[in-house]
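Q: Pasting target.tsv below, which is TSV, C-alpha atoms.
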```tsv
chain	number	residue	atom	x	y	z
A	291	GLU	CA	-56.78	-22.79	-42.92
A	292	ILE	CA	-56.04	-19.08	-42.48
A	293	THR	CA	-57.40	-19.24	-38.95
A	294	THR	CA	-55.17	-22.23	-38.18
A	295	ARG	CA	-52.11	-20.37	-39.43
A	296	LEU	CA	-52.95	-17.31	-37.37
A	297	VAL	CA	-53.42	-19.42	-34.27
A	298	GLY	CA	-50.12	-21.21	-34.96
A	299	SER	CA	-48.31	-17.90	-35.45
A	300	GLU	CA	-49.80	-16.51	-32.25
A	301	MET	CA	-48.68	-19.58	-30.30
A	302	CYS	CA	-45.20	-19.28	-31.78
A	303	ILE	CA	-45.02	-15.61	-30.80
A	304	ARG	CA	-46.24	-16.39	-27.29
A	305	ASP	CA	-43.64	-19.13	-26.99
A	306	ARG	CA	-40.86	-16.76	-28.02
A	307	LEU	CA	-42.12	-14.02	-25.72
A	308	GLY	CA	-42.24	-16.57	-22.91
A	309	ARG	CA	-38.63	-17.48	-23.55
A	310	VAL	CA	-37.66	-13.83	-23.53
A	311	GLY	CA	-39.59	-13.30	-20.30
A	312	ARG	CA	-37.88	-16.23	-18.64
A	313	GLY	CA	-34.53	-14.89	-19.80
A	314	VAL	CA	-35.32	-11.48	-18.35
A	315	ARG	CA	-36.37	-13.01	-15.05
A	316	CYS	CA	-33.19	-15.08	-15.00
A	317	ILE	CA	-31.11	-11.96	-15.55
A	318	CYS	CA	-32.94	-10.14	-12.79
A	319	ASP	CA	-32.37	-13.07	-10.43
A	320	ARG	CA	-28.70	-12.82	-11.22
A	321	GLY	CA	-28.47	-9.11	-10.51
A	322	ALA	CA	-25.56	-9.53	-8.15
A	323	GLY	CA	-23.65	-11.40	-10.83
A	324	VAL	CA	-24.37	-8.65	-13.35
A	325	MET	CA	-23.08	-5.99	-10.96
A	326	ARG	CA	-19.92	-8.00	-10.44
A	327	LEU	CA	-19.56	-8.38	-14.21
A	328	ILE	CA	-19.93	-4.62	-14.59
A	329	ASP	CA	-17.26	-4.14	-11.95
A	330	TYR	CA	-14.89	-6.44	-13.84
A	331	LEU	CA	-15.66	-4.66	-17.12
A	332	LEU	CA	-14.82	-1.31	-15.52
A	333	LEU	CA	-11.62	-2.76	-14.14
A	334	ALA	CA	-10.78	-4.11	-17.58
A	335	ILE	CA	-11.34	-0.68	-19.13
A	336	VAL	CA	-9.08	0.95	-16.56
A	337	ALA	CA	-6.48	-1.77	-17.09
A	338	VAL	CA	-6.54	-1.28	-20.87
A	339	CYS	CA	-6.16	2.47	-20.40
A	340	ALA	CA	-3.25	1.85	-18.04
A	341	VAL	CA	-1.53	-0.43	-20.55
A	342	ILE	CA	-1.98	2.07	-23.36
A	343	ALA	CA	-0.71	4.91	-21.19
A	344	TRP	CA	2.22	2.78	-20.08
A	345	ARG	CA	3.25	2.08	-23.69
A	346	VAL	CA	2.98	5.73	-24.66
A	347	TRP	CA	5.03	6.84	-21.66
A	348	HIS	CA	7.57	4.08	-22.34
A	349	ARG	CA	8.32	5.57	-25.75
A	350	ALA	CA	8.35	9.18	-24.59
A	351	MET	CA	10.07	9.09	-21.21
A	352	LYS	CA	13.11	7.65	-19.54
A	353	LYS	CA	12.81	4.82	-17.05
A	354	LYS	CA	12.81	7.11	-13.98
A	355	LYS	CA	10.06	9.28	-15.40
A	356	ILE	CA	8.04	6.19	-16.27
A	357	ARG	CA	8.14	5.06	-12.65
A	358	ARG	CA	7.01	8.49	-11.51
A	359	ALA	CA	4.19	8.50	-14.05
A	360	ALA	CA	3.06	5.03	-12.94
A	361	ARG	CA	3.09	6.07	-9.29
A	362	ALA	CA	1.06	9.16	-10.19
A	363	PHE	CA	-1.47	7.00	-12.06
A	364	TYR	CA	-1.98	4.61	-9.14
A	365	ALA	CA	-2.08	7.47	-6.64
A	366	GLY	CA	-4.77	9.22	-8.67
A	367	LEU	CA	-6.72	5.97	-8.91
A	368	SER	CA	-6.66	5.68	-5.10
A	369	TYR	CA	-8.54	8.96	-4.77
A	370	LEU	CA	-11.13	7.62	-7.21
A	371	SER	CA	-11.36	4.08	-5.80
A	372	PRO	CA	-8.95	2.43	-3.34
A	373	ARG	CA	-10.48	-0.91	-4.30
A	374	TRP	CA	-9.67	-0.44	-7.99
A	375	ASN	CA	-6.12	0.58	-7.10
A	376	THR	CA	-5.69	-2.52	-4.96
A	377	GLN	CA	-7.14	-4.86	-7.60
A	378	LEU	CA	-5.01	-3.45	-10.41
A	379	LEU	CA	-1.80	-3.61	-8.39
A	380	TYR	CA	-2.58	-7.21	-7.44
A	381	LEU	CA	-3.34	-8.06	-11.07
A	382	ARG	CA	-0.05	-6.50	-12.14
A	383	LYS	CA	1.88	-8.51	-9.54
A	384	PHE	CA	0.15	-11.90	-9.63
A	385	GLY	CA	-1.59	-11.96	-13.01
A	386	ARG	CA	-5.09	-12.33	-11.54
A	387	LEU	CA	-7.61	-10.36	-9.55
A	388	PRO	CA	-7.73	-10.88	-5.77
A	389	ASP	CA	-10.71	-12.59	-4.17
A	390	LEU	CA	-11.67	-9.88	-1.69
A	391	LYS	CA	-15.12	-11.30	-0.98
A	392	HIS	CA	-13.84	-14.72	0.10
A	393	PRO	CA	-10.09	-14.21	0.68
A	394	GLN	CA	-7.98	-17.35	0.90
A	395	THR	CA	-4.35	-16.25	0.92
A	396	LEU	CA	-2.62	-14.04	3.48
A	397	ASN	CA	-2.22	-11.32	0.83
A	398	GLU	CA	-5.95	-11.32	0.07
A	399	LYS	CA	-6.89	-11.25	3.74
A	400	LEU	CA	-4.56	-8.31	4.41
A	401	LEU	CA	-5.91	-6.42	1.41
A	402	ARG	CA	-9.47	-6.88	2.61
A	403	GLN	CA	-8.49	-5.66	6.08
A	404	LYS	CA	-6.69	-2.71	4.53
A	405	LEU	CA	-9.78	-1.65	2.56
A	406	GLU	CA	-12.43	-2.35	5.19
A	407	ARG	CA	-10.79	-1.71	8.57
A	408	PHE	CA	-7.36	-0.08	8.56
A	409	GLY	CA	-8.65	3.34	7.52
A	410	THR	CA	-11.11	3.60	10.42
A	411	ASP	CA	-9.66	1.47	13.23
A	412	PRO	CA	-8.22	3.95	15.78
A	413	VAL	CA	-5.57	1.50	17.03
A	414	VAL	CA	-4.32	0.70	13.54
A	415	ARG	CA	-4.22	4.38	12.61
A	416	ARG	CA	-2.39	5.24	15.83
A	417	CYS	CA	0.19	2.50	15.31
A	418	ALA	CA	0.75	3.61	11.69
A	419	ASP	CA	1.84	7.02	12.99
A	420	LYS	CA	5.51	6.76	14.00
A	421	TYR	CA	5.03	9.65	16.44
A	422	ARG	CA	1.77	8.71	18.16
A	423	VAL	CA	2.71	5.04	18.39
A	424	ARG	CA	5.39	5.96	20.92
A	425	ASP	CA	2.76	6.78	23.53
A	426	TYR	CA	0.95	3.55	22.70
A	427	VAL	CA	4.13	1.48	23.17
A	428	ALA	CA	4.89	3.28	26.43
A	429	GLY	CA	1.33	2.66	27.62
A	430	CYS	CA	1.86	-1.06	27.03
A	431	GLY	CA	4.83	-1.00	29.41
A	432	CYS	CA	7.47	-1.21	26.67
A	433	GLY	CA	8.69	2.39	26.68
A	434	ASP	CA	12.26	1.29	27.38
A	435	THR	CA	12.42	-0.33	23.93
A	436	LEU	CA	11.87	2.99	22.12
A	437	ASN	CA	14.74	4.82	20.49
A	438	HIS	CA	15.57	8.16	22.15
A	439	LEU	CA	13.63	11.03	20.58
A	440	LEU	CA	15.76	14.17	20.23
A	441	ALA	CA	13.24	16.59	18.70
A	442	VAL	CA	9.93	16.89	16.84
A	443	TYR	CA	9.14	19.43	14.10
A	444	ASP	CA	6.23	20.24	11.81
A	445	ARG	CA	8.30	21.48	8.86
A	446	PRO	CA	11.90	20.97	7.64
A	447	GLU	CA	12.58	24.70	7.93
A	448	GLU	CA	12.08	24.47	11.70
A	449	ILE	CA	14.93	22.00	12.27
A	450	ASP	CA	17.65	23.43	14.49
A	451	TRP	CA	20.63	21.66	12.93
A	452	ALA	CA	23.13	23.31	15.25
A	453	ALA	CA	21.46	21.80	18.31
A	454	LEU	CA	21.66	18.23	16.97
A	455	PRO	CA	24.50	15.82	17.78
A	456	GLU	CA	27.10	14.70	15.23
A	457	GLN	CA	25.06	11.61	14.36
A	458	PHE	CA	21.27	11.33	14.21
A	459	ALA	CA	18.31	10.21	12.08
A	460	VAL	CA	15.47	12.37	10.70
A	461	LYS	CA	12.28	10.77	9.42
A	462	TRP	CA	8.68	11.58	8.62
A	463	ASN	CA	6.08	9.87	10.78
A	464	PHE	CA	3.94	8.62	7.87
A	465	GLY	CA	4.73	5.94	5.31
A	466	CYS	CA	8.16	4.37	4.98
A	467	GLY	CA	11.48	5.13	3.33
A	468	TYR	CA	11.39	8.83	4.21
A	469	ASN	CA	14.53	8.63	6.36
A	470	LEU	CA	17.63	10.78	6.43
A	471	ILE	CA	20.53	9.12	8.27
A	472	CYS	CA	23.33	11.48	9.27
A	473	THR	CA	26.64	9.90	10.36
A	474	GLU	CA	28.71	13.11	10.11
A	475	LYS	CA	26.90	16.39	10.64
A	476	SER	CA	29.90	18.50	9.60
A	477	ALA	CA	29.64	17.01	6.10
A	478	LEU	CA	25.85	17.33	5.87
A	479	ASP	CA	24.40	19.74	3.30
A	480	THR	CA	21.49	21.03	5.38
A	481	ALA	CA	19.94	22.94	2.47
A	482	ALA	CA	19.83	19.77	0.36
A	483	ALA	CA	18.52	17.81	3.34
A	484	GLU	CA	15.66	20.26	3.86
A	485	LYS	CA	14.84	20.13	0.14
A	486	GLN	CA	14.65	16.34	0.24
A	487	LEU	CA	12.51	16.33	3.38
A	488	ARG	CA	10.12	18.86	1.81
A	489	ALA	CA	9.78	16.68	-1.29
A	490	TRP	CA	8.99	13.63	0.83
A	491	GLY	CA	6.53	15.60	2.92
A	492	ARG	CA	4.53	16.57	-0.16
A	493	GLU	CA	4.08	12.99	-1.35
A	494	PRO	CA	0.69	11.29	-0.85
A	495	PHE	CA	2.28	8.09	0.40
A	496	TRP	CA	-1.02	6.47	1.35
A	497	ALA	CA	-2.32	6.74	-2.20
A	498	TYR	CA	0.39	4.75	-3.96
A	499	TYR	CA	-0.96	1.47	-2.57
A	500	SER	CA	-4.23	2.72	-1.02
A	501	GLU	CA	-2.86	2.26	2.50
A	502	LEU	CA	-5.72	4.04	4.19
A	503	GLN	CA	-4.18	3.92	7.66
A	504	TYR	CA	-1.70	6.62	6.57
A	505	ARG	CA	-4.22	8.90	4.86
A	506	HIS	CA	-5.04	11.29	7.71
A	507	VAL	CA	-1.81	11.12	9.71
A	508	GLU	CA	-0.82	14.55	11.02
A	509	LYS	CA	2.65	14.93	9.53
A	510	LYS	CA	5.59	15.31	11.91
A	511	LEU	CA	9.35	15.21	11.52
A	512	LEU	CA	11.08	13.07	14.14
A	513	VAL	CA	14.76	13.40	15.02
A	514	GLU	CA	15.99	10.28	16.75
A	515	GLU	CA	19.26	9.08	18.23
A	516	TYR	CA	21.59	7.34	15.77
A	517	ILE	CA	21.74	3.59	16.46
A	518	GLY	CA	24.01	2.42	13.64
A	519	ASP	CA	27.57	1.18	13.90
A	520	ALA	CA	30.60	3.46	14.04
A	521	ASP	CA	31.42	2.72	10.39
A	522	GLY	CA	28.03	4.07	9.30
A	523	SER	CA	26.32	0.73	8.62
A	524	LEU	CA	22.73	0.40	9.84
A	525	PRO	CA	21.57	-2.33	12.24
A	526	GLU	CA	19.94	-5.47	10.92
A	527	ASP	CA	16.16	-5.30	10.73
A	528	TYR	CA	13.94	-7.86	12.48
A	529	LYS	CA	10.19	-8.06	11.93
A	530	PHE	CA	8.00	-10.45	13.88
A	531	TYR	CA	4.83	-11.79	12.23
A	532	CYS	CA	2.06	-12.37	14.77
A	533	PHE	CA	-1.24	-14.18	14.28
A	534	HIS	CA	-3.97	-14.14	16.95
A	535	GLY	CA	-1.54	-12.59	19.43
A	536	ARG	CA	1.20	-15.18	18.94
A	537	ALA	CA	4.53	-14.66	17.13
A	538	ASP	CA	4.61	-17.19	14.30
A	539	CYS	CA	7.85	-16.34	12.48
A	540	VAL	CA	10.48	-13.63	12.16
A	541	MET	CA	11.89	-11.91	9.10
A	542	LEU	CA	15.52	-10.78	9.03
A	543	CYS	CA	16.47	-8.04	6.56
A	544	VAL	CA	20.15	-7.38	5.86
A	545	GLY	CA	21.77	-4.91	3.49
A	546	ARG	CA	18.91	-2.44	3.47
A	547	ASP	CA	21.27	0.55	3.58
A	548	GLU	CA	23.09	-0.76	0.51
A	549	GLY	CA	19.96	-0.59	-1.63
A	550	TRP	CA	19.79	-4.35	-2.25
A	551	PRO	CA	18.19	-5.84	0.85
A	552	LYS	CA	17.97	-9.59	1.40
A	553	PHE	CA	15.13	-11.15	3.36
A	554	TYR	CA	15.27	-14.36	5.40
A	555	PHE	CA	12.39	-15.98	7.27
A	556	PHE	CA	12.85	-18.11	10.41
A	557	ASP	CA	10.44	-20.09	12.56
A	558	ARG	CA	10.04	-19.65	16.32
A	559	ASP	CA	13.22	-21.66	16.93
A	560	PHE	CA	15.11	-19.57	14.37
A	561	ARG	CA	15.30	-22.37	11.84
A	562	LEU	CA	15.55	-21.00	8.32
A	563	LEU	CA	12.28	-21.26	6.39
A	564	ARG	CA	13.37	-19.52	3.22
```
If you took the structure in this file and wrote it as structure tokens, what would it be?
A:
Amino acid sequence: EITTRLVGSEMCIRDRLGRVGRGVRCICDRGAGVMRLIDYLLLAIVAVCAVIAWRVWHRAMKKKKIRRAARAFYAGLSYLSPRWNTQLLYLRKFGRLPDLKHPQTLNEKLLRQKLERFGTDPVVRRCADKYRVRDYVAGCGCGDTLNHLLAVYDRPEEIDWAALPEQFAVKWNFGCGYNLICTEKSALDTAAAEKQLRAWGREPFWAYYSELQYRHVEKKLLVEEYIGDADGSLPEDYKFYCFHGRADCVMLCVGRDEGWPKFYFFDRDFRLLR
């Protein structure tokens, strides 16, 4: 009887060990899934930290300082992992993580391109540089479409304000929004203008949204001819969306200079889409 019990206990132990072994083998077979789970767990930890930090900053700082702190957080995350930055920003905007392995939407496809190609593709990097892209456009036979370039500088302190016309535009060649539009030079505070340009020049624009095509742009200040209306209003902005070398639709932006731009999309026959 004792022998029977021992044999039964041994068989029970072997059965349990067999189950454990099969479970271990199953886990090993699903290694890729485990790594993805770990990635999601790390993202969740970062997201929780971001939420906690956001709440603390919300109590301690004014709204403007909160925005700066948030931008600093996402910029710092880009240096650590552009992919994490991209996933968290997408989660914040759409309430879910993007499918970067099998992208389905236009947003997901662009984000995958941004992470995997834009930072290394020489054409993309050249076209992201507002100074170097001029040679590219001219080489394509479209040089006559370029706005007249008045001067190029490396630093704001080098700008010869006296040599510039009454109306002009100054902008950095990396990122967007770093533009100074002058409609009346006699009323321009050049010291304040240089201070603003220096502040923009120090910003790591690429890191805010992990736009890797801007990361290694050699910074230049471009002074271009003013193309606005006599009353100081800026021209309407048209952007053409091309897929596989064919223009599919056009976006019209109005009111950008007023701070509240409106966007309208049209098809190839300029019928309003939305």
Q: Extract, using all atoms listed in the file, all DNA, RNA and protein residues at most 12 Å from Glu493 (chain A), discarding same-chain residues fewer than 3 positions from it, and format them as a ChimeraX atom specification.
A: /A:358,361-362,365,462,464-468,486-490,496-498,504-505,509
Q: Under the rule that only C-alpha atoms are counted, which of A:Gly385, A:Asn437, A:Cys472, A:Trp550 is the nearest residue to Arg424 (chain A)?
A: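 Closest residue, counting only C-alpha atoms: A:Asn437.
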Q: Name the residues within 7 Å of (13.4, 13.0, 15.3), counting all atoms listed in the file in the file's coordinates, and put them as a list in words.
A: Leu439, Leu440, Ala441, Val442, Ala459, Val460, Lys461, Leu511, Leu512, Val513 and Glu514 of chain A
Q: Can you work out the spacing between CA of Lys355 (chain A) and CA of Ser371 (chain A) in Å, to one decimal?
A: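 Taking CA of Lys355 (chain A) as the start and CA of Ser371 (chain A) as the end point, the length is 24.0 Å.
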Q: Calculated over only C-alpha atoms, which of the candidates A:Arg492, A:Glu501, A:Leu454, A:Asp521 has the smallest distance to Leu478 (chain A)?
A: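 So, comparing all the options, the nearest one is A:Leu454.
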Q: In terms of the shortest atom-to-atom distance over only C-alpha atoms, which of A:Ala334, A:Glu548, A:Val540, A:Glu515 is closest to Leu563 (chain A)?
A: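 Looking only at the distances to Leu563 (chain A), the closest residue turns out to be A:Val540.
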Q: Counting only C-alpha atoms, figure out which residue out of A:Leu332, A:Ala481, A:Ala340, A:Leu524 gets nearest to Phe458 (chain A).
A: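 Of A:Leu332, A:Ala481, A:Ala340, A:Leu524, the one nearest Phe458 (chain A), counting only C-alpha atoms, is A:Leu524.
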Q: What gap, in Å, lies between CA of Gln403 (chain A) and CA of Leu390 (chain A)?
A: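 These atoms are spaced 9.4 Å apart.
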Q: So, with only C-alpha atoms as the atoms that count, which of A:Asp527, A:Gly545, A:Leu379, A:Gln503 lies closest to Lys404 (chain A)?
A: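 Selected residue with least distance to Lys404 (chain A): A:Gln503.
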Q: Please measure the separation of CA of Asp434 (chain A) and CA of Ile517 (chain A), giving the value in Å to one decimal.
A: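 Between CA of Asp434 (chain A) and CA of Ile517 (chain A) the gap works out to 14.6 Å.
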Q: Counting all atoms listed in the file, find residues at most 9 Å from (-8.4, -9.8, -12.0) (file frame) and give them as a PyMOL selection string.
A: chain A and resi 330+333-334+377-378+380-382+385-389
